[in-house]
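Structure first, commentary second.
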Amino acid sequence: MFDFLTEHHLAAIAGLGGGVLLGLAARLGRFCTLGAIEDILYGGSTLRMRMWIFAIGVAVLGSFSLVGLGLLDASESYYLSIRWMPVASILGGLMFGYGMALSGNCGYGAIARLGGGDLRSFVIVLVMGVSTYVVLSGPLAPVRNYFFEQQLITTDVPPGLAHHGAALTGLPVHSIGMAVGLVIMVGALAGRELRDDKKAIFWSLVVGLAIISGWGFTTQVNTVGFEALPVVSHSFSAPLGETILWTMTGSLRPLSFAVGSIAGVWTGAFIGSLIKGHFRWEACEDPRELRRQILGAGIMGAGAVIALGCTVGQGLSAFSLLAVSAPVTFLSIFAGAAFGLRQLIEGFRPAE
């Protein structure tokens, strides 16, 4: 197979497949983080947040099942090999959530909206992609490194909840992880709102499987290939910048899981919008709205780099491995988004 397809091609294909599933879930299943937060705070509905939690449970159960089968070494992942910085998770999460509220979408949601013809999201994608690399390896990288230098862990126990639990109890890591995944799934189904909506359960399951597929396929490529590639799953912050760079310098840069993932979400969202009959070209007619979206996208990109992930990177992929950073970052994103939404919807005038 490697005579025709390199490890990079196979990784990109894996990203493409999972990305298509995520794109379809966004357009056909209305799977959206900001939408879930808006529904809770202003819509009186917990359905989409329960969808997100159920998807986390599925991803945790599936990922640790792979660990138990010897098909995934979770400690090789980025989230469990870098030391956890609590301040970075909180600050980056708050920044990302606030920027998401200003932009009206996260990176994943913006790509999905772009697949439906929304050119406003094209601006968000570009600005966020550039912003991540400005902070990751561009002019602001020295500032980030000064305050939040990313270092490999120096302890025997990775910064994961299941790994710490295994160290304390002596139980297998995968058993603890699978048990936690089941508990999360049951918790999400505790409310009838999700139990009664079979379509919502289906698309939540699809999202969870997309995250699992990323870990499983990249592990296999890394195992059977001749060139060591990172073991990753889906995220939509730094991969946006990576995709922009590959688009401009593809003859000099190899394909990657990230590029395939971005292309897959756009493709899945495009197909989903055609199925629903929702595809239409849209543009921004209000300069103030565009200014707000550009500012929000810039803040999102910077926040994602500081927090080491976005709503999908930390909220699903890192969560699927029960990284300590995941729940802290996710709650911080929620708080930042709530603050931003309040600013946009209610303002800061005192109640009369």
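By order of appearance in the structure tokens: chains A, B, ..., then residues from 1 within every chain, and ligands from 1 in the order shown.
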Could you make a table, as JSON lines, of the residues of range 196-283 of chain A that have an atom within 9 Å of an atom of range 61-76 of chain A, each with its nearest atom pair and distance in Å to one decimal, counting only C-alpha atoms, in chain and number order?
{"residue": "A:Gly208", "atom": "CA", "partner": "A:Gly62", "partner_atom": "CA", "distance": 8.0}
{"residue": "A:Leu209", "atom": "CA", "partner": "A:Gly62", "partner_atom": "CA", "distance": 7.5}
{"residue": "A:Ile211", "atom": "CA", "partner": "A:Ser63", "partner_atom": "CA", "distance": 8.3}
{"residue": "A:Ile212", "atom": "CA", "partner": "A:Ser63", "partner_atom": "CA", "distance": 5.5}
{"residue": "A:Ser213", "atom": "CA", "partner": "A:Ser63", "partner_atom": "CA", "distance": 8.7}
{"residue": "A:Trp215", "atom": "CA", "partner": "A:Leu72", "partner_atom": "CA", "distance": 6.9}
{"residue": "A:Gly216", "atom": "CA", "partner": "A:Leu72", "partner_atom": "CA", "distance": 6.4}
{"residue": "A:Thr219", "atom": "CA", "partner": "A:Leu72", "partner_atom": "CA", "distance": 6.1}
{"residue": "A:Gln220", "atom": "CA", "partner": "A:Leu71", "partner_atom": "CA", "distance": 7.5}
{"residue": "A:Pro230", "atom": "CA", "partner": "A:Glu76", "partner_atom": "CA", "distance": 7.9}
{"residue": "A:Val231", "atom": "CA", "partner": "A:Glu76", "partner_atom": "CA", "distance": 6.5}
{"residue": "A:Val232", "atom": "CA", "partner": "A:Glu76", "partner_atom": "CA", "distance": 8.9}
Can I get the selected residues back with N, CA, C and O atoms, as a PDB file, in the first residue's frame?
ATOM      1  N   GLY A 208     -18.982  11.050  18.344  1.00  0.00           N
ATOM      2  CA  GLY A 208     -18.091  10.262  19.179  1.00  0.00           C
ATOM      3  C   GLY A 208     -17.259   9.284  18.370  1.00  0.00           C
ATOM      4  O   GLY A 208     -16.048   9.125  18.598  1.00  0.00           O
ATOM      5  N   LEU A 209     -17.885   8.630  17.393  1.00  0.00           N
ATOM      6  CA  LEU A 209     -17.165   7.679  16.545  1.00  0.00           C
ATOM      7  C   LEU A 209     -16.110   8.371  15.693  1.00  0.00           C
ATOM      8  O   LEU A 209     -15.046   7.796  15.415  1.00  0.00           O
ATOM      9  N   ILE A 211     -14.321  10.950  16.568  1.00  0.00           N
ATOM     10  CA  ILE A 211     -13.163  11.183  17.443  1.00  0.00           C
ATOM     11  C   ILE A 211     -12.392   9.888  17.656  1.00  0.00           C
ATOM     12  O   ILE A 211     -11.152   9.854  17.573  1.00  0.00           O
ATOM     13  N   ILE A 212     -13.109   8.796  17.904  1.00  0.00           N
ATOM     14  CA  ILE A 212     -12.464   7.496  18.109  1.00  0.00           C
ATOM     15  C   ILE A 212     -11.681   7.083  16.859  1.00  0.00           C
ATOM     16  O   ILE A 212     -10.553   6.578  16.952  1.00  0.00           O
ATOM     17  N   SER A 213     -12.279   7.300  15.692  1.00  0.00           N
ATOM     18  CA  SER A 213     -11.630   6.892  14.446  1.00  0.00           C
ATOM     19  C   SER A 213     -10.298   7.616  14.262  1.00  0.00           C
ATOM     20  O   SER A 213      -9.339   7.046  13.732  1.00  0.00           O
ATOM     21  N   TRP A 215      -8.143   8.625  16.617  1.00  0.00           N
ATOM     22  CA  TRP A 215      -7.136   7.957  17.448  1.00  0.00           C
ATOM     23  C   TRP A 215      -6.752   6.596  16.864  1.00  0.00           C
ATOM     24  O   TRP A 215      -5.563   6.258  16.782  1.00  0.00           O
ATOM     25  N   GLY A 216      -7.765   5.823  16.474  1.00  0.00           N
ATOM     26  CA  GLY A 216      -7.502   4.471  15.988  1.00  0.00           C
ATOM     27  C   GLY A 216      -6.699   4.437  14.703  1.00  0.00           C
ATOM     28  O   GLY A 216      -5.700   3.702  14.591  1.00  0.00           O
ATOM     29  N   THR A 219      -3.068   5.807  15.001  1.00  0.00           N
ATOM     30  CA  THR A 219      -2.233   4.826  15.700  1.00  0.00           C
ATOM     31  C   THR A 219      -1.794   3.729  14.743  1.00  0.00           C
ATOM     32  O   THR A 219      -0.622   3.315  14.736  1.00  0.00           O
ATOM     33  N   GLN A 220      -2.711   3.239  13.919  1.00  0.00           N
ATOM     34  CA  GLN A 220      -2.370   2.185  12.972  1.00  0.00           C
ATOM     35  C   GLN A 220      -1.367   2.662  11.932  1.00  0.00           C
ATOM     36  O   GLN A 220      -0.420   1.943  11.586  1.00  0.00           O
ATOM     37  N   PRO A 230       2.427  11.786  14.363  1.00  0.00           N
ATOM     38  CA  PRO A 230       1.768  11.963  15.663  1.00  0.00           C
ATOM     39  C   PRO A 230       0.443  11.214  15.734  1.00  0.00           C
ATOM     40  O   PRO A 230      -0.266  11.073  14.728  1.00  0.00           O
ATOM     41  N   VAL A 231       0.127  10.729  16.919  1.00  0.00           N
ATOM     42  CA  VAL A 231      -1.172  10.099  17.173  1.00  0.00           C
ATOM     43  C   VAL A 231      -2.131  11.209  17.573  1.00  0.00           C
ATOM     44  O   VAL A 231      -1.978  11.833  18.626  1.00  0.00           O
ATOM     45  N   VAL A 232      -3.110  11.481  16.723  1.00  0.00           N
ATOM     46  CA  VAL A 232      -3.976  12.645  16.922  1.00  0.00           C
ATOM     47  C   VAL A 232      -5.428  12.284  16.632  1.00  0.00           C
ATOM     48  O   VAL A 232      -5.739  11.220  16.080  1.00  0.00           O
TER      49      VAL A 232
END
Go through range 184-235 of chain A residue by residue and, counting only C-alpha atoms, keep those with an atom at most 6 Å from range 34-54 of chain A; for each kept residue give the shortest atom pair and its distance in Å to one decimal, ordered by chain and increasing number, as CSV.
residue,atom,partner,partner_atom,distance
A:Met185,CA,A:Phe54,CA,4.9
A:Ala188,CA,A:Arg50,CA,5.1
A:Glu193,CA,A:Leu47,CA,5.8
A:Leu194,CA,A:Leu47,CA,5.7
A:Ser204,CA,A:Met51,CA,5.4
- Rank nothing, just name the residue among A:Cys284, A:Leu119, A:Val259, A:Ala337 nearest to His9 in chain A, using only C-alpha atoms.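 For His9 in chain A, the nearest of the candidates is A:Val259.
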- Query: Can you list, as a PyMOL selection string, every protein, DNA or RNA residue that comes within 12 Å of Arg280 in chain A when you count only C-alpha atoms, leaving out same-chain residues fewer than 5 positions away?
  - Reply: chain A and resi 113-119+270+273-274
Same residues, N, CA and C atoms, output as a short mmCIF file (atom, residue, chain, number, x, y, z; two decimals), in the first residue's frame:
data_model
loop_
_atom_site.label_atom_id
_atom_site.label_comp_id
_atom_site.auth_asym_id
_atom_site.auth_seq_id
_atom_site.Cartn_x
_atom_site.Cartn_y
_atom_site.Cartn_z
N ARG A 113 -20.42 26.05 8.63
CA ARG A 113 -21.23 27.10 8.02
C ARG A 113 -20.70 27.46 6.63
N LEU A 114 -19.38 27.44 6.49
CA LEU A 114 -18.79 27.72 5.19
C LEU A 114 -19.22 26.68 4.17
N GLY A 115 -19.36 25.43 4.61
CA GLY A 115 -19.84 24.38 3.72
C GLY A 115 -21.25 24.62 3.24
N GLY A 116 -22.00 25.45 3.95
CA GLY A 116 -23.36 25.80 3.53
C GLY A 116 -23.43 27.08 2.74
N GLY A 117 -22.26 27.68 2.43
CA GLY A 117 -22.24 28.87 1.59
C GLY A 117 -22.11 30.19 2.33
N ASP A 118 -21.85 30.14 3.63
CA ASP A 118 -21.74 31.36 4.43
C ASP A 118 -20.34 31.94 4.30
N LEU A 119 -20.22 33.02 3.51
CA LEU A 119 -18.91 33.62 3.28
C LEU A 119 -18.41 34.39 4.49
N PHE A 270 -21.05 20.57 3.32
CA PHE A 270 -21.59 20.89 1.99
C PHE A 270 -22.64 19.86 1.57
N SER A 273 -25.75 20.33 3.68
CA SER A 273 -26.56 21.49 3.29
C SER A 273 -27.35 21.22 2.02
N LEU A 274 -26.78 20.43 1.11
CA LEU A 274 -27.51 20.07 -0.11
C LEU A 274 -28.68 19.13 0.23
#
So which residues touch range 320-335 of chain A within 6 Å, counting only C-alpha atoms, skipping near sequence neighbours fewer than 3 positions away, as a CSV table (one decimal) with N, CA and C atoms, in the first residue's frame?
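Contents of the output file result_0.csv:
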chain,number,residue,atom,x,y,z
A,59,ALA,N,-17.1,8.9,23.0
A,59,ALA,CA,-15.6,9.0,22.6
A,59,ALA,C,-14.7,8.5,23.7
A,60,VAL,N,-15.1,8.7,25.0
A,60,VAL,CA,-14.3,8.2,26.1
A,60,VAL,C,-14.4,6.7,26.1
A,89,SER,N,-5.1,26.7,30.7
A,89,SER,CA,-6.5,26.1,30.4
A,89,SER,C,-7.6,27.1,30.7
A,90,ILE,N,-7.5,27.8,31.8
A,90,ILE,CA,-8.5,28.7,32.2
A,90,ILE,C,-8.5,30.0,31.4
A,93,GLY,N,-9.2,29.1,27.7
A,93,GLY,CA,-10.6,28.7,27.5
A,93,GLY,C,-11.5,29.9,27.6
A,94,LEU,N,-11.3,30.8,28.5
A,94,LEU,CA,-12.1,32.1,28.6
A,94,LEU,C,-12.0,32.9,27.3
A,97,GLY,N,-13.9,31.1,24.5
A,97,GLY,CA,-15.3,31.2,24.6
A,97,GLY,C,-15.8,32.6,24.3
A,159,PRO,N,-0.9,13.3,32.6
A,159,PRO,CA,-1.9,14.2,33.2
A,159,PRO,C,-3.3,13.8,32.7
A,160,GLY,N,-3.8,12.6,33.1
A,160,GLY,CA,-5.1,12.1,32.7
A,160,GLY,C,-5.8,11.6,33.9
A,161,LEU,N,-7.1,11.8,34.0
A,161,LEU,CA,-7.9,11.4,35.1
A,161,LEU,C,-7.9,9.9,35.3
A,314,GLN,N,-10.1,20.2,22.8
A,314,GLN,CA,-10.2,20.0,24.3
A,314,GLN,C,-11.5,19.4,24.6
A,315,GLY,N,-12.6,19.9,24.1
A,315,GLY,CA,-14.0,19.5,24.5
A,315,GLY,C,-14.4,18.1,24.0
A,316,LEU,N,-13.7,17.5,23.0
A,316,LEU,CA,-14.0,16.2,22.6
A,316,LEU,C,-12.7,15.3,22.6
A,317,SER,N,-11.7,15.7,21.8
A,317,SER,CA,-10.6,14.8,21.6
A,317,SER,C,-9.8,14.6,22.9
A,338,ALA,N,-20.6,32.5,27.8
A,338,ALA,CA,-21.7,33.1,28.5
A,338,ALA,C,-21.5,34.6,28.7
- Task: Apply DSSP to the backbone of this structure and, from range 21-258 of chain A, keep only the residues in alpha helix (DSSP H); write these as number ranges by chain.
- Result: A: 21-28, 33-38, 47-68, 78-81, 86-103, 107-115, 119-136, 141-147, 161-169, 173-188, 192-195, 198-224, 238-249, 257-258
Please provide the set of residues having any atom within 10 Å of Gly99 in chain A, restricted to only C-alpha atoms, with same-chain residues fewer than 2 positions apart removed, written as a tab-separated table (two decimals) with N, CA and C atoms, in the first residue's frame.
chain	number	residue	atom	x	y	z
A	93	GLY	N	-9.23	29.08	27.71
A	93	GLY	CA	-10.63	28.72	27.55
A	93	GLY	C	-11.54	29.93	27.59
A	94	LEU	N	-11.29	30.83	28.52
A	94	LEU	CA	-12.09	32.06	28.62
A	94	LEU	C	-11.97	32.89	27.34
A	95	MET	N	-10.74	33.03	26.85
A	95	MET	CA	-10.52	33.77	25.62
A	95	MET	C	-11.24	33.13	24.45
A	96	PHE	N	-11.13	31.81	24.35
A	96	PHE	CA	-11.76	31.11	23.23
A	96	PHE	C	-13.28	31.27	23.30
A	97	GLY	N	-13.85	31.08	24.49
A	97	GLY	CA	-15.30	31.19	24.62
A	97	GLY	C	-15.80	32.58	24.30
A	101	ALA	N	-18.22	33.70	21.10
A	101	ALA	CA	-19.46	34.45	21.20
A	101	ALA	C	-19.45	35.65	20.26
A	102	LEU	N	-18.32	36.35	20.19
A	102	LEU	CA	-18.23	37.52	19.31
A	102	LEU	C	-18.35	37.11	17.84
A	103	SER	N	-17.71	35.99	17.50
A	103	SER	CA	-17.72	35.54	16.10
A	103	SER	C	-19.04	34.88	15.71
A	104	GLY	N	-19.72	34.33	16.70
A	104	GLY	CA	-20.96	33.61	16.41
A	104	GLY	C	-20.73	32.16	16.05
A	105	ASN	N	-19.51	31.68	16.23
A	105	ASN	CA	-19.18	30.29	15.92
A	105	ASN	C	-17.77	29.97	16.36
A	106	CYS	N	-17.51	28.68	16.62
A	106	CYS	CA	-16.14	28.24	16.85
A	106	CYS	C	-15.52	27.85	15.51
A	128	MET	N	-8.93	33.15	12.13
A	128	MET	CA	-8.59	32.24	13.22
A	128	MET	C	-7.36	31.41	12.87
A	292	ARG	N	-16.72	42.73	14.43
A	292	ARG	CA	-16.87	41.90	15.62
A	292	ARG	C	-16.42	40.46	15.35
A	293	GLN	N	-16.77	39.93	14.19
A	293	GLN	CA	-16.39	38.57	13.86
A	293	GLN	C	-14.88	38.42	13.68
A	294	ILE	N	-14.25	39.41	13.06
A	294	ILE	CA	-12.80	39.36	12.89
A	294	ILE	C	-12.10	39.41	14.24
A	295	LEU	N	-12.56	40.32	15.12
A	295	LEU	CA	-11.97	40.41	16.45
A	295	LEU	C	-12.16	39.11	17.22
A	296	GLY	N	-13.36	38.56	17.16
A	296	GLY	CA	-13.64	37.31	17.87
A	296	GLY	C	-12.79	36.16	17.36
A	297	ALA	N	-12.63	36.07	16.04
A	297	ALA	CA	-11.82	34.99	15.46
A	297	ALA	C	-10.37	35.11	15.89
A	298	GLY	N	-9.85	36.34	15.96
A	298	GLY	CA	-8.48	36.54	16.41
A	298	GLY	C	-8.29	36.11	17.86
A	299	ILE	N	-9.25	36.45	18.71
A	299	ILE	CA	-9.18	36.06	20.12
A	299	ILE	C	-9.31	34.55	20.25
A	300	MET	N	-10.19	33.95	19.46
A	300	MET	CA	-10.35	32.49	19.50
A	300	MET	C	-9.06	31.77	19.17
A	301	GLY	N	-8.41	32.19	18.09
A	301	GLY	CA	-7.17	31.54	17.68
A	301	GLY	C	-6.11	31.61	18.75
A	302	ALA	N	-5.95	32.79	19.35
A	302	ALA	CA	-4.95	32.95	20.41
A	302	ALA	C	-5.32	32.11	21.63
A	303	GLY	N	-6.59	32.13	22.00
A	303	GLY	CA	-7.03	31.37	23.16
A	303	GLY	C	-6.85	29.88	22.98
A	333	ILE	N	-14.40	27.68	28.60
A	333	ILE	CA	-15.01	28.09	27.32
A	333	ILE	C	-16.47	28.46	27.53
A	336	GLY	N	-16.59	31.86	29.28
A	336	GLY	CA	-16.24	32.94	28.37
A	336	GLY	C	-17.34	33.21	27.37
A	337	ALA	N	-17.95	32.14	26.85
A	337	ALA	CA	-19.04	32.30	25.90
A	337	ALA	C	-20.26	32.94	26.56
A	340	GLY	N	-19.59	36.62	26.85
A	340	GLY	CA	-19.70	37.27	25.55
A	340	GLY	C	-21.14	37.38	25.07
